[in-house]
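File shown: input.csv (CSV, N, CA and C atoms).
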chain,number,residue,atom,x,y,z
A,1,MET,N,0.9,-1.2,0.0
A,1,MET,CA,0.0,0.0,0.0
A,1,MET,C,0.9,1.2,0.0
A,2,PRO,N,0.6,2.2,-0.8
A,2,PRO,CA,1.3,3.4,-0.8
A,2,PRO,C,1.1,4.1,0.5
A,3,THR,N,2.0,5.1,0.8
A,3,THR,CA,1.9,5.9,2.0
A,3,THR,C,0.6,6.7,1.9
A,4,ALA,N,0.1,7.2,2.9
A,4,ALA,CA,-1.2,8.0,2.9
A,4,ALA,C,-1.1,9.1,1.9
A,5,GLU,N,0.1,9.8,1.9
A,5,GLU,CA,0.3,10.9,1.0
A,5,GLU,C,0.3,10.5,-0.5
A,6,GLU,N,1.0,9.3,-0.8
A,6,GLU,CA,1.0,8.8,-2.1
A,6,GLU,C,-0.4,8.3,-2.5
A,7,ALA,N,-1.1,7.6,-1.6
A,7,ALA,CA,-2.4,7.2,-1.9
A,7,ALA,C,-3.3,8.3,-2.3
A,8,SER,N,-3.3,9.4,-1.5
A,8,SER,CA,-4.1,10.6,-1.8
A,8,SER,C,-3.7,11.2,-3.1
A,9,ARG,N,-2.4,11.2,-3.5
A,9,ARG,CA,-2.0,11.8,-4.7
A,9,ARG,C,-2.5,10.9,-5.9
A,10,LEU,N,-2.4,9.6,-5.8
A,10,LEU,CA,-2.9,8.7,-6.8
A,10,LEU,C,-4.4,8.8,-7.0
A,11,LEU,N,-5.1,8.9,-5.9
A,11,LEU,CA,-6.6,9.0,-6.1
A,11,LEU,C,-6.9,10.3,-6.7
A,12,GLN,N,-6.2,11.4,-6.5
A,12,GLN,CA,-6.4,12.7,-7.2
A,12,GLN,C,-6.1,12.6,-8.6
A,13,VAL,N,-5.0,11.8,-9.0
A,13,VAL,CA,-4.7,11.6,-10.4
A,13,VAL,C,-5.8,10.8,-11.1
A,14,ALA,N,-6.4,9.8,-10.4
A,14,ALA,CA,-7.5,9.0,-11.0
A,14,ALA,C,-8.7,9.9,-11.2
A,15,GLN,N,-9.0,10.7,-10.2
A,15,GLN,CA,-10.2,11.6,-10.3
A,15,GLN,C,-10.0,12.6,-11.4
A,16,GLY,N,-8.8,13.2,-11.4
A,16,GLY,CA,-8.5,14.2,-12.5
A,16,GLY,C,-8.6,13.7,-13.9
A,17,ALA,N,-8.0,12.4,-14.0
A,17,ALA,CA,-8.1,11.8,-15.4
A,17,ALA,C,-9.5,11.5,-15.8
A,18,HIS,N,-10.3,11.1,-14.8
A,18,HIS,CA,-11.7,10.8,-15.1
A,18,HIS,C,-12.5,12.1,-15.5
A,19,GLU,N,-12.2,13.1,-14.8
A,19,GLU,CA,-12.9,14.4,-15.1
A,19,GLU,C,-12.5,15.0,-16.4
A,20,ARG,N,-11.2,14.7,-16.8
A,20,ARG,CA,-10.7,15.2,-18.2
A,20,ARG,C,-11.3,14.3,-19.3
A,21,GLY,N,-11.8,13.2,-19.0
A,21,GLY,CA,-12.4,12.3,-20.0
A,21,GLY,C,-11.4,11.3,-20.5
A,22,ASP,N,-10.3,11.1,-19.8
A,22,ASP,CA,-9.3,10.1,-20.3
A,22,ASP,C,-9.9,8.7,-20.4
A,23,ALA,N,-9.5,8.0,-21.4
A,23,ALA,CA,-10.1,6.6,-21.6
A,23,ALA,C,-9.3,5.6,-20.7
A,24,LEU,N,-8.0,5.9,-20.5
A,24,LEU,CA,-7.2,4.9,-19.7
A,24,LEU,C,-6.5,5.6,-18.6
A,25,LEU,N,-6.2,4.9,-17.5
A,25,LEU,CA,-5.4,5.3,-16.4
A,25,LEU,C,-4.4,4.3,-16.1
A,26,HIS,N,-3.1,4.6,-15.9
A,26,HIS,CA,-2.0,3.7,-15.7
A,26,HIS,C,-1.3,4.1,-14.4
A,27,ILE,N,-1.2,3.3,-13.4
A,27,ILE,CA,-0.5,3.6,-12.2
A,27,ILE,C,0.4,2.4,-11.8
A,28,GLN,N,1.4,2.7,-10.9
A,28,GLN,CA,2.2,1.6,-10.4
A,28,GLN,C,2.3,1.7,-8.9
A,29,LEU,N,2.4,0.6,-8.3
A,29,LEU,CA,2.5,0.5,-6.8
A,29,LEU,C,3.5,-0.6,-6.4
A,30,ASP,N,4.2,-0.3,-5.3
A,30,ASP,CA,5.0,-1.4,-4.7
A,30,ASP,C,4.1,-2.4,-4.0
A,31,VAL,N,4.2,-3.7,-4.4
A,31,VAL,CA,3.3,-4.7,-3.8
A,31,VAL,C,4.0,-5.6,-2.8
A,32,SER,N,5.4,-5.7,-2.9
A,32,SER,CA,6.1,-6.5,-1.9
A,32,SER,C,7.6,-6.0,-2.0
A,33,MET,N,8.3,-6.3,-0.9
A,33,MET,CA,9.7,-5.9,-0.8
A,33,MET,C,10.5,-7.2,-0.4
A,34,LEU,N,11.7,-7.3,-1.0
A,34,LEU,CA,12.6,-8.3,-0.7
A,34,LEU,C,13.8,-7.7,0.0
A,35,THR,N,14.0,-8.1,1.2
A,35,THR,CA,15.1,-7.6,2.0
A,35,THR,C,15.8,-8.7,2.7
A,36,GLY,N,16.9,-8.4,3.3
A,36,GLY,CA,17.6,-9.4,4.1
A,36,GLY,C,19.0,-8.9,4.5
A,37,GLU,N,19.6,-9.7,5.3
A,37,GLU,CA,20.9,-9.2,5.8
A,37,GLU,C,21.9,-10.4,5.6
A,38,GLN,N,23.2,-10.0,5.5
A,38,GLN,CA,24.2,-11.0,5.4
A,38,GLN,C,24.3,-11.8,6.7
A,39,SER,N,24.8,-13.0,6.5
A,39,SER,CA,25.0,-13.9,7.6
A,39,SER,C,26.4,-14.1,7.9
A,40,SER,N,26.8,-14.2,9.2
A,40,SER,CA,28.2,-14.5,9.6
A,40,SER,C,28.6,-15.8,9.0
A,41,TRP,N,27.7,-16.7,8.7
A,41,TRP,CA,28.0,-18.0,8.1
A,41,TRP,C,28.1,-18.0,6.6
A,42,GLY,N,27.8,-16.8,6.0
A,42,GLY,CA,27.8,-16.7,4.6
A,42,GLY,C,26.6,-17.2,3.8
A,43,SER,N,25.5,-17.3,4.6
A,43,SER,CA,24.3,-17.8,3.9
A,43,SER,C,23.5,-16.6,3.5
A,44,ALA,N,22.5,-16.9,2.7
A,44,ALA,CA,21.6,-15.8,2.1
A,44,ALA,C,20.3,-15.9,2.9
A,45,GLY,N,20.0,-14.9,3.7
A,45,GLY,CA,18.7,-14.9,4.4
A,45,GLY,C,17.8,-13.8,3.9
A,46,ASN,N,17.0,-14.1,2.9
A,46,ASN,CA,16.1,-13.1,2.3
A,46,ASN,C,14.8,-13.1,3.1
A,47,THR,N,14.1,-12.0,3.2
A,47,THR,CA,12.8,-11.8,3.8
A,47,THR,C,11.9,-11.1,2.8
A,48,VAL,N,10.7,-11.6,2.6
A,48,VAL,CA,9.7,-11.0,1.7
A,48,VAL,C,8.6,-10.5,2.6
A,49,SER,N,8.3,-9.2,2.3
A,49,SER,CA,7.1,-8.6,3.0
A,49,SER,C,6.1,-8.2,1.9
A,50,ASN,N,4.9,-8.6,2.1
A,50,ASN,CA,3.8,-8.3,1.1
A,50,ASN,C,2.9,-7.3,1.6
A,51,ASP,N,2.3,-6.5,0.7
A,51,ASP,CA,1.3,-5.6,1.0
A,51,ASP,C,-0.1,-6.1,0.7
A,52,GLU,N,-0.8,-6.5,1.7
A,52,GLU,CA,-2.1,-7.2,1.4
A,52,GLU,C,-3.2,-6.3,1.2
A,53,SER,N,-3.0,-4.9,1.3
A,53,SER,CA,-4.0,-4.0,1.1
A,53,SER,C,-4.1,-3.4,-0.3
A,54,VAL,N,-3.3,-3.9,-1.2
A,54,VAL,CA,-3.3,-3.4,-2.6
A,54,VAL,C,-4.7,-3.5,-3.2
A,55,GLY,N,-5.3,-4.6,-3.0
A,55,GLY,CA,-6.7,-4.8,-3.5
A,55,GLY,C,-7.7,-3.8,-3.0
A,56,TYR,N,-7.6,-3.4,-1.8
A,56,TYR,CA,-8.4,-2.4,-1.2
A,56,TYR,C,-8.2,-1.1,-1.9
A,57,PHE,N,-6.9,-0.7,-2.1
A,57,PHE,CA,-6.6,0.5,-2.8
A,57,PHE,C,-7.1,0.6,-4.2
A,58,LEU,N,-6.9,-0.6,-4.9
A,58,LEU,CA,-7.4,-0.6,-6.3
A,58,LEU,C,-8.9,-0.5,-6.4
A,59,SER,N,-9.6,-1.0,-5.4
A,59,SER,CA,-11.1,-0.8,-5.3
A,59,SER,C,-11.4,0.7,-5.1
A,60,GLU,N,-10.6,1.4,-4.4
A,60,GLU,CA,-10.8,2.8,-4.2
A,60,GLU,C,-10.7,3.6,-5.5
A,61,ILE,N,-9.8,3.2,-6.3
A,61,ILE,CA,-9.6,3.8,-7.6
A,61,ILE,C,-10.9,3.5,-8.5
A,62,GLU,N,-11.4,2.3,-8.4
A,62,GLU,CA,-12.6,1.9,-9.2
A,62,GLU,C,-13.8,2.8,-8.7
A,63,LYS,N,-13.8,3.2,-7.5
A,63,LYS,CA,-14.9,4.1,-7.0
A,63,LYS,C,-14.9,5.5,-7.7
A,64,HIS,N,-13.8,5.8,-8.4
A,64,HIS,CA,-13.7,7.1,-9.1
A,64,HIS,C,-14.0,6.9,-10.6
A,65,GLY,N,-14.7,5.8,-10.9
A,65,GLY,CA,-15.2,5.6,-12.3
A,65,GLY,C,-14.3,4.8,-13.2
A,66,TRP,N,-13.4,4.0,-12.6
A,66,TRP,CA,-12.5,3.2,-13.4
A,66,TRP,C,-12.7,1.7,-13.2
A,67,ARG,N,-12.4,0.9,-14.2
A,67,ARG,CA,-12.4,-0.6,-14.1
A,67,ARG,C,-11.0,-1.2,-14.4
A,68,LEU,N,-10.5,-2.0,-13.5
A,68,LEU,CA,-9.2,-2.6,-13.8
A,68,LEU,C,-9.2,-3.4,-15.0
A,69,GLU,N,-8.3,-3.1,-16.0
A,69,GLU,CA,-8.3,-3.8,-17.3
A,69,GLU,C,-7.1,-4.7,-17.4
A,70,HIS,N,-5.9,-4.3,-16.9
A,70,HIS,CA,-4.8,-5.2,-17.1
A,70,HIS,C,-3.8,-5.0,-15.9
A,71,THR,N,-3.1,-6.0,-15.5
A,71,THR,CA,-2.1,-6.0,-14.4
A,71,THR,C,-0.8,-6.7,-14.9
A,72,GLY,N,0.3,-6.1,-14.5
A,72,GLY,CA,1.6,-6.7,-14.8
A,72,GLY,C,2.5,-6.4,-13.6
A,73,TYR,N,3.5,-7.3,-13.4
A,73,TYR,CA,4.4,-7.2,-12.3
A,73,TYR,C,5.8,-7.3,-12.7
A,74,THR,N,6.7,-6.6,-12.0
A,74,THR,CA,8.2,-6.8,-12.3
A,74,THR,C,8.9,-6.6,-11.0
A,75,PHE,N,10.1,-7.3,-10.9
A,75,PHE,CA,11.0,-7.2,-9.8
A,75,PHE,C,12.0,-6.1,-10.2
A,76,VAL,N,12.2,-5.1,-9.3
A,76,VAL,CA,13.2,-4.1,-9.5
A,76,VAL,C,14.2,-4.3,-8.4
A,77,GLU,N,15.4,-4.7,-8.8
A,77,GLU,CA,16.5,-4.9,-7.8
A,77,GLU,C,17.1,-3.6,-7.4
A,78,SER,N,17.2,-3.3,-6.1
A,78,SER,CA,17.8,-2.1,-5.6
A,78,SER,C,19.2,-2.3,-5.1
A,79,GLY,N,19.7,-3.6,-5.0
A,79,GLY,CA,21.0,-3.9,-4.5
A,79,GLY,C,21.1,-5.3,-4.0
A,80,ALA,N,22.3,-5.6,-3.5
A,80,ALA,CA,22.6,-7.0,-3.0
A,80,ALA,C,23.7,-6.9,-2.0
A,81,THR,N,23.6,-7.8,-1.0
A,81,THR,CA,24.6,-7.9,0.0
A,81,THR,C,25.2,-9.3,-0.1
A,82,THR,N,26.6,-9.3,0.0
A,82,THR,CA,27.3,-10.6,-0.1
A,82,THR,C,28.1,-10.8,1.2
A,83,SER,N,28.3,-12.1,1.5
A,83,SER,CA,29.2,-12.4,2.6
A,83,SER,C,29.9,-13.7,2.3
A,84,SER,N,31.1,-13.8,2.7
A,84,SER,CA,31.9,-15.0,2.4
A,84,SER,C,31.4,-16.1,3.3
A,85,ARG,N,31.4,-17.3,2.7
A,85,ARG,CA,31.0,-18.5,3.5
A,85,ARG,C,32.1,-19.0,4.3
A,86,ILE,N,31.8,-19.4,5.6
A,86,ILE,CA,32.8,-19.9,6.5
A,86,ILE,C,33.2,-21.3,6.1
A,87,PHE,N,32.3,-22.1,5.8
A,87,PHE,CA,32.6,-23.5,5.3
A,87,PHE,C,32.3,-23.6,3.9
A,88,GLY,N,33.2,-24.1,3.1
A,88,GLY,CA,33.0,-24.3,1.7
A,88,GLY,C,33.5,-23.0,0.9
A,89,THR,N,33.1,-22.9,-0.3
A,89,THR,CA,33.6,-21.8,-1.1
A,89,THR,C,32.4,-21.0,-1.6
A,90,GLY,N,32.7,-19.8,-2.1
A,90,GLY,CA,31.7,-18.9,-2.6
A,90,GLY,C,31.2,-17.9,-1.6
A,91,GLU,N,30.1,-17.3,-2.0
A,91,GLU,CA,29.5,-16.3,-1.2
A,91,GLU,C,28.0,-16.5,-1.1
A,92,GLY,N,27.5,-16.0,0.0
A,92,GLY,CA,26.0,-15.9,0.2
A,92,GLY,C,25.6,-14.6,-0.3
A,93,VAL,N,24.5,-14.5,-1.1
A,93,VAL,CA,24.0,-13.3,-1.7
A,93,VAL,C,22.6,-13.1,-1.2
A,94,VAL,N,22.3,-11.8,-0.7
A,94,VAL,CA,21.0,-11.4,-0.3
A,94,VAL,C,20.6,-10.3,-1.3
A,95,ASN,N,19.6,-10.5,-2.1
A,95,ASN,CA,19.1,-9.4,-3.0
A,95,ASN,C,18.1,-8.5,-2.3
A,96,HIS,N,18.1,-7.3,-2.7
A,96,HIS,CA,17.1,-6.3,-2.2
A,96,HIS,C,16.3,-5.7,-3.3
A,97,GLY,N,15.1,-5.4,-3.1
A,97,GLY,CA,14.3,-4.8,-4.2
A,97,GLY,C,12.8,-4.9,-3.9
A,98,ALA,N,12.1,-4.5,-4.9
A,98,ALA,CA,10.6,-4.5,-4.8
A,98,ALA,C,10.0,-5.1,-6.0
A,99,VAL,N,8.8,-5.7,-5.7
A,99,VAL,CA,7.9,-6.1,-6.8
A,99,VAL,C,7.0,-5.0,-7.0
A,100,ILE,N,6.9,-4.5,-8.2
A,100,ILE,CA,6.1,-3.4,-8.6
A,100,ILE,C,4.9,-3.9,-9.4
A,101,GLY,N,3.7,-3.5,-9.1
A,101,GLY,CA,2.5,-3.8,-9.8
A,101,GLY,C,2.2,-2.6,-10.8
A,102,TYR,N,1.9,-3.0,-12.0
A,102,TYR,CA,1.5,-2.0,-13.0
A,102,TYR,C,0.1,-2.2,-13.3
A,103,TYR,N,-0.8,-1.2,-13.1
A,103,TYR,CA,-2.2,-1.4,-13.3
A,103,TYR,C,-2.8,-0.4,-14.3
A,104,THR,N,-3.5,-1.0,-15.3
A,104,THR,CA,-4.1,-0.2,-16.3
A,104,THR,C,-5.6,-0.3,-16.1
A,105,PHE,N,-6.3,0.9,-16.0
A,105,PHE,CA,-7.7,0.9,-15.8
A,105,PHE,C,-8.3,1.5,-17.0
A,106,ARG,N,-9.5,1.1,-17.3
A,106,ARG,CA,-10.3,1.6,-18.4
A,106,ARG,C,-11.5,2.4,-17.8
A,107,ARG,N,-11.8,3.5,-18.4
A,107,ARG,CA,-13.0,4.3,-18.0
A,107,ARG,C,-14.2,3.4,-17.9
A,108,ALA,N,-14.9,3.4,-16.8
A,108,ALA,CA,-16.1,2.6,-16.6
A,108,ALA,C,-17.3,3.2,-17.4

Any chance you could give the structure as structure tokens?
Amino acid sequence: MPTAEEASRLLQVAQGAHERGDALLHIQLDVSMLTGEQSSWGSAGNTVSNDESVGYFLSEIEKHGWRLEHTGYTFVESGATTSSRIFGTGEGVVNHGAVIGYYTFRRA
């Protein structure tokens, strides 16, 4: 779920686009984050946190006269942390980033 400020801004964008008569509205939202920390043993300990309120927010956009038409997702990596393994060879890698949802709405 976007921050309250971002949610308010996106709802204003949806309302403004509808008032202008736009046929389509396209927005993007972070839907989950991949984080983690290096391990002293050199293992990769990733943690995924999901935003379960995205559906609620998309419903709020539909209240402004839009219908969800298409959805797509992509992972955007923001970095990685590596640590040497104590036993064996190689490194443990922990990736960081976000899964971003792309939502296209059609005027209802």

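For Tyr102 in chain A, the list of residues within 5 Å, based on only N, CA and C atoms and with local chain neighbours fewer than 3 positions off taken out, reads A:Ile27, A:Gln28, A:Thr71, A:Gly72, A:Tyr73.
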
Discussion item. Between atom N of Ala4 in chain A and atom C of Lys63 in chain A, what distance in Å does the model show, to one decimal?
Written reply: 18.4 Å

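Counting from atom C of Phe105 in chain A, the distance to atom N of Gln15 in chain A is 11.5 Å.
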
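Each of A:Ser53, A:Thr104, A:Thr35, A:Gln12 was compared to Leu68 in chain A using only C-alpha atoms, and A:Thr104 turns out to be the nearest.
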
Worksheet entry | Test item: residues at most 6.5 Å from His64 in chain A, all atoms listed in the file, excluding those fewer than 2 positions along its chain, as a PyMOL selection string | chain A and resi 14-15+18+60-62+66

Practice prompt. Would you mind reading off the distance between atom N of Arg9 in chain A and CA of Asp51 in chain A, one decimal, in Å?
Written response: 17.8 Å

Item to complete: Give me the residues within 12 Å of Val48 in chain A as a PyMOL selection string, counting only C-alpha atoms and dropping any in the same chain fewer than 5 places off.
Response: chain A and resi 31-36+94-99

Extending 3 Å beyond the listed atoms of range 72-80 of chain A on each side, what axis-aligned box results? I want centre and edge lengths in Å to one decimal, as JSON.
{"center_x": 12.0, "center_y": -4.7, "center_z": -8.4, "size_x": 29.4, "size_y": 11.2, "size_z": 18.8}

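When only C-alpha atoms are used to measure the gap to Phe57 in chain A, the shortest distance among A:Ile100, A:Leu11, A:Ala108, A:Leu24 belongs to A:Leu11.
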
Could you rebuild range 59-70 of chain A with all heavy atoms and give it back as a short mmCIF file (atom, residue, chain, number, x, y, z; two decimals), keeping the file's coordinate frame?
data_model
loop_
_atom_site.label_atom_id
_atom_site.label_comp_id
_atom_site.auth_asym_id
_atom_site.auth_seq_id
_atom_site.Cartn_x
_atom_site.Cartn_y
_atom_site.Cartn_z
N SER A 59 -9.60 -1.00 -5.40
CA SER A 59 -11.10 -0.80 -5.30
C SER A 59 -11.40 0.70 -5.10
O SER A 59 -12.41 1.15 -5.63
CB SER A 59 -11.62 -1.60 -4.10
OG SER A 59 -11.42 -2.96 -4.29
N GLU A 60 -10.60 1.40 -4.40
CA GLU A 60 -10.80 2.80 -4.20
C GLU A 60 -10.70 3.60 -5.50
O GLU A 60 -11.44 4.51 -5.75
CB GLU A 60 -9.84 3.39 -3.13
CG GLU A 60 -10.09 2.91 -1.71
CD GLU A 60 -11.45 3.33 -1.19
OE1 GLU A 60 -11.76 4.53 -1.23
OE2 GLU A 60 -12.20 2.43 -0.77
N ILE A 61 -9.80 3.20 -6.30
CA ILE A 61 -9.60 3.80 -7.60
C ILE A 61 -10.90 3.50 -8.50
O ILE A 61 -11.38 4.39 -9.18
CB ILE A 61 -8.34 3.32 -8.35
CG1 ILE A 61 -7.12 3.90 -7.63
CG2 ILE A 61 -8.34 3.74 -9.83
CD1 ILE A 61 -5.80 3.47 -8.19
N GLU A 62 -11.40 2.30 -8.40
CA GLU A 62 -12.60 1.90 -9.20
C GLU A 62 -13.80 2.80 -8.70
O GLU A 62 -14.65 3.08 -9.55
CB GLU A 62 -12.88 0.46 -9.07
CG GLU A 62 -11.91 -0.38 -9.88
CD GLU A 62 -12.42 -1.77 -10.17
OE1 GLU A 62 -13.40 -2.21 -9.52
OE2 GLU A 62 -11.84 -2.41 -11.06
N LYS A 63 -13.80 3.20 -7.50
CA LYS A 63 -14.90 4.10 -7.00
C LYS A 63 -14.90 5.50 -7.70
O LYS A 63 -15.87 6.17 -7.71
CB LYS A 63 -14.79 4.31 -5.52
CG LYS A 63 -15.13 3.09 -4.72
CD LYS A 63 -15.01 3.37 -3.23
CE LYS A 63 -15.28 2.13 -2.42
NZ LYS A 63 -15.08 2.38 -0.98
N HIS A 64 -13.80 5.80 -8.40
CA HIS A 64 -13.70 7.10 -9.10
C HIS A 64 -14.00 6.90 -10.60
O HIS A 64 -13.74 7.77 -11.40
CB HIS A 64 -12.25 7.65 -8.99
CG HIS A 64 -11.96 8.20 -7.63
ND1 HIS A 64 -12.27 9.50 -7.28
CD2 HIS A 64 -11.41 7.63 -6.53
CE1 HIS A 64 -11.93 9.70 -6.02
NE2 HIS A 64 -11.40 8.58 -5.55
N GLY A 65 -14.70 5.80 -10.90
CA GLY A 65 -15.20 5.60 -12.30
C GLY A 65 -14.30 4.80 -13.20
O GLY A 65 -14.38 4.91 -14.43
N TRP A 66 -13.40 4.00 -12.60
CA TRP A 66 -12.50 3.20 -13.40
C TRP A 66 -12.70 1.70 -13.20
O TRP A 66 -13.23 1.29 -12.16
CB TRP A 66 -11.03 3.49 -13.05
CG TRP A 66 -10.66 4.90 -13.32
CD1 TRP A 66 -10.62 5.92 -12.41
CD2 TRP A 66 -10.31 5.48 -14.57
NE1 TRP A 66 -10.26 7.09 -13.02
CE2 TRP A 66 -10.06 6.84 -14.35
CE3 TRP A 66 -10.18 4.97 -15.85
CZ2 TRP A 66 -9.69 7.72 -15.37
CZ3 TRP A 66 -9.81 5.84 -16.86
CH2 TRP A 66 -9.57 7.19 -16.62
N ARG A 67 -12.40 0.90 -14.20
CA ARG A 67 -12.40 -0.60 -14.10
C ARG A 67 -11.00 -1.20 -14.40
O ARG A 67 -10.48 -0.82 -15.47
CB ARG A 67 -13.45 -1.23 -14.99
CG ARG A 67 -14.86 -0.94 -14.60
CD ARG A 67 -15.23 -1.68 -13.29
NE ARG A 67 -16.51 -1.25 -12.81
CZ ARG A 67 -16.71 -0.48 -11.74
NH1 ARG A 67 -15.69 -0.03 -11.04
NH2 ARG A 67 -17.90 -0.15 -11.35
N LEU A 68 -10.50 -2.00 -13.50
CA LEU A 68 -9.20 -2.60 -13.80
C LEU A 68 -9.20 -3.40 -15.00
O LEU A 68 -10.04 -4.32 -15.19
CB LEU A 68 -8.77 -3.44 -12.57
CG LEU A 68 -7.36 -4.00 -12.58
CD1 LEU A 68 -6.33 -2.88 -12.65
CD2 LEU A 68 -7.13 -4.86 -11.35
N GLU A 69 -8.30 -3.10 -16.00
CA GLU A 69 -8.30 -3.80 -17.30
C GLU A 69 -7.10 -4.70 -17.40
O GLU A 69 -7.26 -5.80 -17.95
CB GLU A 69 -8.18 -2.67 -18.35
CG GLU A 69 -8.14 -3.16 -19.76
CD GLU A 69 -9.52 -3.44 -20.32
OE1 GLU A 69 -10.53 -3.10 -19.68
OE2 GLU A 69 -9.57 -4.01 -21.41
N HIS A 70 -5.90 -4.30 -16.90
CA HIS A 70 -4.80 -5.20 -17.10
C HIS A 70 -3.80 -5.00 -15.90
O HIS A 70 -3.68 -3.85 -15.38
CB HIS A 70 -4.05 -4.81 -18.38
CG HIS A 70 -2.82 -5.62 -18.64
ND1 HIS A 70 -2.88 -6.93 -19.06
CD2 HIS A 70 -1.52 -5.33 -18.50
CE1 HIS A 70 -1.65 -7.40 -19.18
NE2 HIS A 70 -0.81 -6.46 -18.85
#
